[in-house]
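Below is work-v2.cif, holding mmCIF, C-alpha atoms.
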```
data_input
loop_
_atom_site.label_atom_id
_atom_site.label_comp_id
_atom_site.auth_asym_id
_atom_site.auth_seq_id
_atom_site.Cartn_x
_atom_site.Cartn_y
_atom_site.Cartn_z
CA MET A 1 -19.75 1.59 20.15
CA PRO A 2 -16.21 0.82 19.08
CA GLU A 3 -15.62 -1.79 16.45
CA ASP A 4 -13.13 -4.52 17.18
CA PRO A 5 -9.71 -4.77 15.57
CA SER A 6 -10.62 -7.99 13.74
CA GLN A 7 -11.05 -5.90 10.59
CA PHE A 8 -7.24 -5.78 10.43
CA LEU A 9 -6.85 -9.53 10.86
CA PRO A 10 -5.28 -11.74 9.72
CA LEU A 11 -2.09 -9.73 9.50
CA SER A 12 0.30 -10.38 6.63
CA PRO A 13 3.59 -12.05 7.66
CA ALA A 14 5.51 -8.81 7.05
CA THR A 15 3.10 -6.76 9.17
CA LEU A 16 3.09 -9.33 11.96
CA HIS A 17 6.89 -9.46 12.10
CA ILE A 18 7.24 -5.66 12.04
CA LEU A 19 4.76 -5.23 14.91
CA LEU A 20 6.48 -8.01 16.85
CA ALA A 21 9.89 -6.41 16.32
CA LEU A 22 8.55 -3.14 17.73
CA ALA A 23 6.72 -4.75 20.64
CA GLY A 24 9.83 -4.85 22.83
CA GLU A 25 11.39 -1.47 22.18
CA ASP A 26 11.60 1.44 19.74
CA ARG A 27 13.79 0.65 16.77
CA HIS A 28 15.08 2.26 13.59
CA GLY A 29 14.45 0.65 10.21
CA TYR A 30 17.65 -1.38 10.07
CA GLY A 31 17.08 -2.46 13.68
CA ILE A 32 13.62 -3.74 12.73
CA MET A 33 15.12 -5.76 9.85
CA GLN A 34 17.77 -7.27 12.14
CA GLU A 35 15.24 -8.06 14.88
CA ILE A 36 12.95 -9.82 12.38
CA ALA A 37 15.85 -11.94 11.13
CA ARG A 38 16.77 -12.76 14.74
CA GLN A 39 13.22 -13.63 15.82
CA SER A 40 12.68 -15.91 12.85
CA GLU A 41 16.17 -17.41 13.19
CA GLY A 42 17.06 -16.16 9.73
CA GLN A 43 14.08 -17.81 8.03
CA TYR A 44 12.27 -14.56 7.27
CA LYS A 45 14.13 -11.56 5.97
CA LEU A 46 12.68 -8.23 4.96
CA GLY A 47 14.35 -5.87 2.53
CA PRO A 48 14.14 -2.10 3.07
CA GLY A 49 11.62 -1.71 0.23
CA THR A 50 9.16 -4.16 1.77
CA LEU A 51 9.83 -2.81 5.25
CA TYR A 52 9.12 0.83 4.47
CA ASP A 53 6.17 0.03 2.23
CA ASN A 54 4.58 -1.77 5.19
CA LEU A 55 5.72 0.85 7.70
CA GLN A 56 4.03 3.55 5.64
CA LYS A 57 0.80 1.54 5.62
CA LEU A 58 1.01 0.89 9.38
CA MET A 59 1.69 4.55 10.12
CA ASN A 60 -1.32 5.58 8.02
CA GLN A 61 -3.44 3.11 9.97
CA GLY A 62 -2.15 4.48 13.27
CA MET A 63 -0.52 1.25 14.42
CA VAL A 64 3.06 2.53 14.30
CA GLU A 65 4.32 6.03 15.02
CA GLU A 66 7.61 7.80 14.86
CA ALA A 67 9.46 7.93 18.17
CA LYS A 68 12.01 10.35 19.54
CA SER A 69 15.60 9.48 18.76
CA PRO A 70 17.55 8.28 21.80
CA PRO A 71 20.33 10.62 23.03
CA GLY A 72 23.13 8.48 21.57
CA ASN A 73 21.83 8.69 18.02
CA ASP A 74 24.31 10.82 16.11
CA ASP A 75 23.08 9.93 12.62
CA PRO A 76 20.07 12.06 11.60
CA ARG A 77 19.17 9.54 8.89
CA ARG A 78 18.25 7.01 11.58
CA ARG A 79 14.63 7.51 12.57
CA TYR A 80 13.02 5.50 15.31
CA TYR A 81 9.58 3.90 15.26
CA ARG A 82 7.38 2.59 18.02
CA LEU A 83 4.24 0.54 18.37
CA SER A 84 1.21 2.67 19.18
CA ARG A 85 -1.45 1.60 21.63
CA ALA A 86 -3.71 0.70 18.72
CA GLY A 87 -0.95 -1.35 17.14
CA ARG A 88 -0.40 -3.25 20.36
CA THR A 89 -4.13 -4.01 20.55
CA VAL A 90 -4.16 -5.37 17.01
CA LEU A 91 -1.02 -7.40 17.65
CA THR A 92 -2.55 -8.87 20.81
CA ALA A 93 -5.69 -9.82 18.87
CA GLU A 94 -3.60 -11.44 16.15
CA ILE A 95 -1.58 -13.46 18.67
CA LYS A 96 -4.83 -14.63 20.24
CA ARG A 97 -6.07 -15.69 16.80
CA LEU A 98 -2.83 -17.53 16.11
CA GLU A 99 -3.06 -19.30 19.46
CA GLY A 100 -6.45 -20.63 18.37
CA VAL A 101 -4.96 -21.81 15.09
CA VAL A 102 -2.14 -23.61 16.91
CA ARG A 103 -4.61 -25.18 19.36
CA HIS A 104 -6.70 -26.55 16.50
CA ALA A 105 -3.62 -27.71 14.62
CA LYS A 106 -2.36 -29.61 17.66
CA LEU A 107 -5.77 -31.20 18.10
CA HIS A 108 -5.99 -32.41 14.52
CA LEU A 109 -2.36 -33.26 14.00
CA ARG A 110 -2.11 -35.63 16.96
CA PRO A 111 -0.57 -38.91 15.84
CA ALA A 112 -3.34 -41.34 14.86
CA PRO A 113 -3.71 -44.35 17.16
CA GLU A 114 -2.13 -47.48 15.78
CA ARG A 115 -4.58 -50.03 14.48
CA ASN A 116 -4.03 -53.74 14.77
CA ALA A 117 -4.63 -55.55 11.50
CA MET B 1 27.38 1.21 -9.57
CA THR B 2 24.79 -0.63 -7.47
CA ARG B 3 24.47 2.42 -5.24
CA ALA B 4 23.72 4.64 -8.24
CA LEU B 5 21.15 2.08 -9.41
CA TYR B 6 19.61 2.04 -5.94
CA ILE B 7 19.35 5.85 -5.91
CA GLY B 8 17.78 5.74 -9.38
CA LEU B 9 15.19 3.21 -8.23
CA LEU B 10 14.47 5.27 -5.12
CA ARG B 11 13.72 8.24 -7.37
CA LEU B 12 11.08 6.19 -9.15
CA HIS B 13 9.01 5.98 -5.95
CA PRO B 14 6.10 8.38 -5.41
CA LEU B 15 7.23 11.72 -3.98
CA PRO B 16 5.59 11.45 -0.51
CA PHE B 17 7.17 8.04 0.06
CA ARG B 18 10.54 9.28 -1.16
CA ARG B 19 10.44 12.33 1.09
CA GLN B 20 9.58 10.23 4.10
CA PHE B 21 11.89 7.24 3.70
CA ALA B 22 14.44 7.60 0.88
CA GLU B 23 17.37 8.83 3.00
CA GLU B 24 16.83 6.12 5.55
CA MET B 25 16.57 3.43 2.89
CA LEU B 26 19.81 4.56 1.33
CA TRP B 27 21.48 4.42 4.72
CA ILE B 28 20.21 0.84 5.18
CA PHE B 29 21.49 -0.04 1.70
CA ASP B 30 24.96 1.20 2.67
CA GLU B 31 24.82 -0.76 5.92
CA ALA B 32 23.31 -3.99 4.61
CA LYS B 33 24.70 -4.44 1.11
CA GLY B 34 27.66 -6.41 2.46
CA SER B 35 25.59 -8.89 4.46
CA GLU B 36 22.41 -9.12 2.36
CA GLY B 37 23.86 -8.64 -1.11
CA ALA B 38 23.38 -5.50 -3.19
CA TRP B 39 21.38 -7.24 -5.93
CA VAL B 40 18.91 -8.72 -3.43
CA LEU B 41 18.29 -5.22 -2.07
CA LEU B 42 17.89 -3.85 -5.60
CA LEU B 43 15.35 -6.54 -6.45
CA ASP B 44 13.47 -5.75 -3.24
CA LEU B 45 13.35 -2.11 -4.30
CA VAL B 46 11.98 -3.00 -7.75
CA VAL B 47 9.13 -4.87 -6.02
CA SER B 48 8.60 -1.90 -3.72
CA VAL B 49 8.37 0.58 -6.64
CA SER B 50 5.73 -1.49 -8.40
CA ARG B 51 3.78 -1.99 -5.16
CA GLN B 52 3.86 1.73 -4.37
CA TRP B 53 2.52 2.74 -7.77
CA LEU B 54 0.03 -0.08 -8.21
CA LEU B 55 -1.37 -0.51 -4.70
CA ARG B 56 -0.68 2.62 -2.70
CA SER B 57 -1.22 5.41 -5.22
CA ALA B 58 -4.24 6.34 -7.29
CA VAL B 59 -2.25 6.79 -10.48
CA TRP B 60 -3.38 3.50 -11.98
CA LYS B 61 -6.98 4.58 -11.48
CA ALA B 62 -6.31 7.81 -13.41
CA ALA B 63 -4.58 5.80 -16.16
CA LEU B 64 -7.56 3.46 -16.33
CA ALA B 65 -9.95 6.40 -16.54
CA LEU B 66 -7.84 7.94 -19.31
CA ALA B 67 -7.82 4.65 -21.24
CA GLY B 68 -11.61 4.51 -20.80
CA ALA B 69 -11.87 8.04 -22.17
CA VAL B 70 -9.79 7.15 -25.22
CA VAL B 71 -11.97 4.11 -25.88
CA GLN B 72 -15.08 6.24 -25.47
CA ILE B 73 -13.83 8.91 -27.85
CA SER B 74 -12.78 6.36 -30.44
CA PHE B 75 -15.84 4.15 -30.32
CA GLY B 76 -18.55 6.21 -28.64
CA GLY B 77 -17.97 9.33 -30.73
CA LEU B 78 -17.77 7.46 -34.01
CA GLY B 79 -20.76 5.33 -33.01
CA TRP B 80 -22.78 8.50 -32.46
CA ILE B 81 -21.98 9.56 -36.01
CA PHE B 82 -22.86 6.16 -37.44
CA PHE B 83 -26.10 5.80 -35.50
CA ASN B 84 -27.28 9.36 -35.83
CA PRO B 85 -30.25 9.05 -38.23
CA ARG B 86 -29.40 12.36 -39.92
CA PHE B 87 -26.16 10.96 -41.25
CA GLY B 88 -26.14 8.40 -44.00
CA MET B 89 -29.66 9.35 -45.14
CA PRO B 90 -29.95 10.32 -48.84
CA THR B 91 -31.00 13.92 -49.45
CA GLN B 92 -33.37 15.05 -52.16
CA GLY B 93 -30.46 15.45 -54.54
CA GLY B 94 -29.42 11.85 -53.93
CA ALA B 95 -26.24 12.58 -51.96
CA THR B 96 -25.86 11.25 -48.41
CA VAL B 97 -25.38 13.56 -45.46
CA THR B 98 -21.95 13.31 -43.91
CA PRO B 99 -20.82 15.15 -40.77
CA ALA B 100 -18.93 18.32 -41.37
CA VAL B 101 -15.45 18.74 -39.93
CA THR B 102 -16.74 21.33 -37.47
CA GLU B 103 -19.36 18.86 -36.22
CA LEU B 104 -16.69 16.20 -35.77
CA ILE B 105 -14.55 18.62 -33.78
CA GLN B 106 -17.54 19.64 -31.65
CA ILE B 107 -18.41 15.99 -30.93
CA THR B 108 -14.83 15.17 -30.00
CA LEU B 109 -14.43 18.24 -27.78
CA CYS B 110 -17.74 17.63 -26.00
CA THR B 111 -16.92 13.98 -25.40
CA MET B 112 -13.44 14.84 -24.13
CA PHE B 113 -14.76 17.56 -21.83
CA VAL B 114 -17.37 15.29 -20.27
CA LEU B 115 -14.94 12.40 -19.87
CA VAL B 116 -12.14 14.50 -18.39
CA ALA B 117 -14.65 15.96 -15.90
CA LEU B 118 -15.81 12.45 -15.04
CA MET B 119 -12.24 11.26 -14.68
CA PHE B 120 -11.34 14.07 -12.26
CA ALA B 121 -14.48 13.45 -10.24
CA LEU B 122 -13.65 9.76 -10.08
CA VAL B 123 -9.99 10.20 -9.11
CA PHE B 124 -10.70 12.83 -6.44
CA GLY B 125 -13.66 10.84 -5.15
CA ILE B 126 -11.56 7.70 -4.82
CA SER B 127 -8.61 9.42 -3.15
CA GLY B 128 -10.96 11.24 -0.75
CA PHE B 129 -12.64 7.97 0.11
CA THR B 130 -9.27 6.26 0.66
CA ARG B 131 -8.11 9.07 2.98
CA LYS B 132 -11.36 8.98 4.97
CA ARG B 133 -11.22 5.19 5.29
CA SER B 134 -7.63 5.34 6.47
CA ARG B 135 -8.51 7.99 9.10
CA ARG B 136 -11.62 6.04 10.17
CA ARG B 137 -9.64 2.83 10.57
CA SER B 138 -6.98 4.56 12.59
CA ARG B 139 -9.64 6.21 14.81
CA THR B 140 -11.53 2.95 15.21
CA CYS B 141 -8.40 1.17 16.23
CA SER B 142 -7.50 3.83 18.81
CA ASN B 143 -11.06 3.89 20.17
CA TYR B 144 -10.96 0.15 20.64
CA ALA B 145 -7.70 0.35 22.54
CA VAL B 146 -9.09 3.09 24.80
CA SER B 147 -12.42 1.29 25.36
CA ARG B 148 -10.57 -1.83 26.46
CA ASN B 149 -8.48 0.28 28.83
CA PHE B 150 -5.46 -1.25 27.18
CA THR B 151 -2.23 -0.38 28.92
CA PRO B 152 1.07 -1.48 27.48
CA THR B 153 3.02 -3.60 29.90
CA SER B 154 6.27 -4.27 28.13
CA ARG B 155 7.13 -0.63 27.53
CA GLN B 156 7.59 1.13 30.82
#
```

Write the structure described by the file as structure tokens, please.
Amino acid sequence: MPEDPSQFLPLSPATLHILLALAGEDRHGYGIMQEIARQSEGQYKLGPGTLYDNLQKLMNQGMVEEAKSPPGNDDPRRRYYRLSRAGRTVLTAEIKRLEGVVRHAKLHLRPAPERNA
Amino acid sequence: MTRALYIGLLRLHPLPFRRQFAEEMLWIFDEAKGSEGAWVLLLDLVVSVSRQWLLRSAVWKAALALAGAVVQISFGGLGWIFFNPRFGMPTQGGATVTPAVTELIQITLCTMFVLVALMFALVFGISGFTRKRSRRRSRTCSNYAVSRNFTPTSRQ
């Protein structure tokens, strides 16, 4: 019987952003950094050291894999990465978990009713 | 100068990491140093080096085992001499028995041999366990995706 992906949750912010950046399309390292900055509107930026440290971990866990370079890629130093099926499953589970967090937060952070003195 | 520093820091990473990513990281440095700032990227790489050696490699475990061996040899070996009832006891002539140099060398060599063997067993055991766990996690994750009949929708 398969175990569920909750053993990987909660994802660290860096991991979450990397998986999200790869959810739409295959990207090279610099593309992932730019996409993360774009998605977070510049609030979260990853350096190459942090990016590749996490990418190595994700590749060892089977969540990210190397993809074929697109035909237009003339620079051999640019390698492309893609989200694996397992990675997509974990990301989906994490988003579901975060939805629950947001739901609870909204419930508890509703403005308190005004009291008449 | 910052590029040379960056290359130097890249060389401090563990070999497998360097082989896999160093060229690409240098390319990103060349592309991003204007927008991100070279010193920010250098600082990020310093953090990455420490994380690679401390968290991702088993070197610190070997260093810890070696430190343990040194402590054992210093204290354990000497303690054996102090607490061995043969030593320190007065002989019939009145003189106390002290360990000979050859005995000291034998004790030290035996202790070192046992501890080095233990250290190797520990390091290889830990790295084997880490590899197995990584493979198991990856397999588990894939199995889960297959069992849920998960089909990606956004990548067609």

Among listed residues B:Ser35, B:Thr111, B:Ala58, B:Leu104, nearest Lys45 of chain A (using all atoms listed in the file): B:Ser35

Could you give me, as a ChimeraX atom specification, the residues within 6 Å of Leu22 of chain A, counting all atoms listed in the file and dropping anything in the same chain fewer than 3 positions from it? /A:19,25-26,82-83

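Between atom CA of Leu46 of chain A and atom CA of Ala14 of chain A the separation is 7.5 Å.
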
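Evaluated against this file, the PyMOL selection byres ((chain B and resi 47-57) around 6) yields Gly49 and Thr50 of chain A; His13, Asp44, Leu45, Val46, Ala58 and Val59 of chain B.
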
Name all residues at most 12 Å from Glu66 of chain A (count all atoms listed in the file; drop same-chain ones fewer than 3 positions away) and give them as number ranges by chain. A: 22, 26-29, 55-56, 58-60, 62-63, 69, 78-84; B: 20-21

Contact residues (chain A, partner chain B, 7 Å, all atoms listed in the file) as a PyMOL selection string: chain A and resi 2-5+24-25+30+47-50+53+60-62+77-78+85-86+89

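Proximity of A:Leu9, A:Leu107, A:Ala21, A:Leu98 to Leu51 of chain A, computed with all atoms listed in the file, is greatest for A:Ala21.
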
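Taking atom CA of Gln72 of chain B and atom CA of Gln106 of chain B as the two end points, the separation is 15.0 Å.
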
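If you count only C-alpha atoms and ignore residues fewer than 3 places along the chain from Ile36 of chain A, what sits within 9 Å of it is A:His17, A:Ile18, A:Leu20, A:Ala21, A:Gly31, A:Ile32, A:Met33, A:Gln39, A:Ser40, A:Glu41, A:Gly42, A:Tyr44, A:Lys45, A:Leu46.
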
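Minimum distance to Gly34 of chain B across B:Pro16, B:Thr108, B:Thr2, B:Ala121 (counting all atoms listed in the file) occurs at B:Thr2.
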
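Atom to atom, atom CA of Lys106 of chain A and atom CA of Pro10 of chain A stand 19.8 Å apart.
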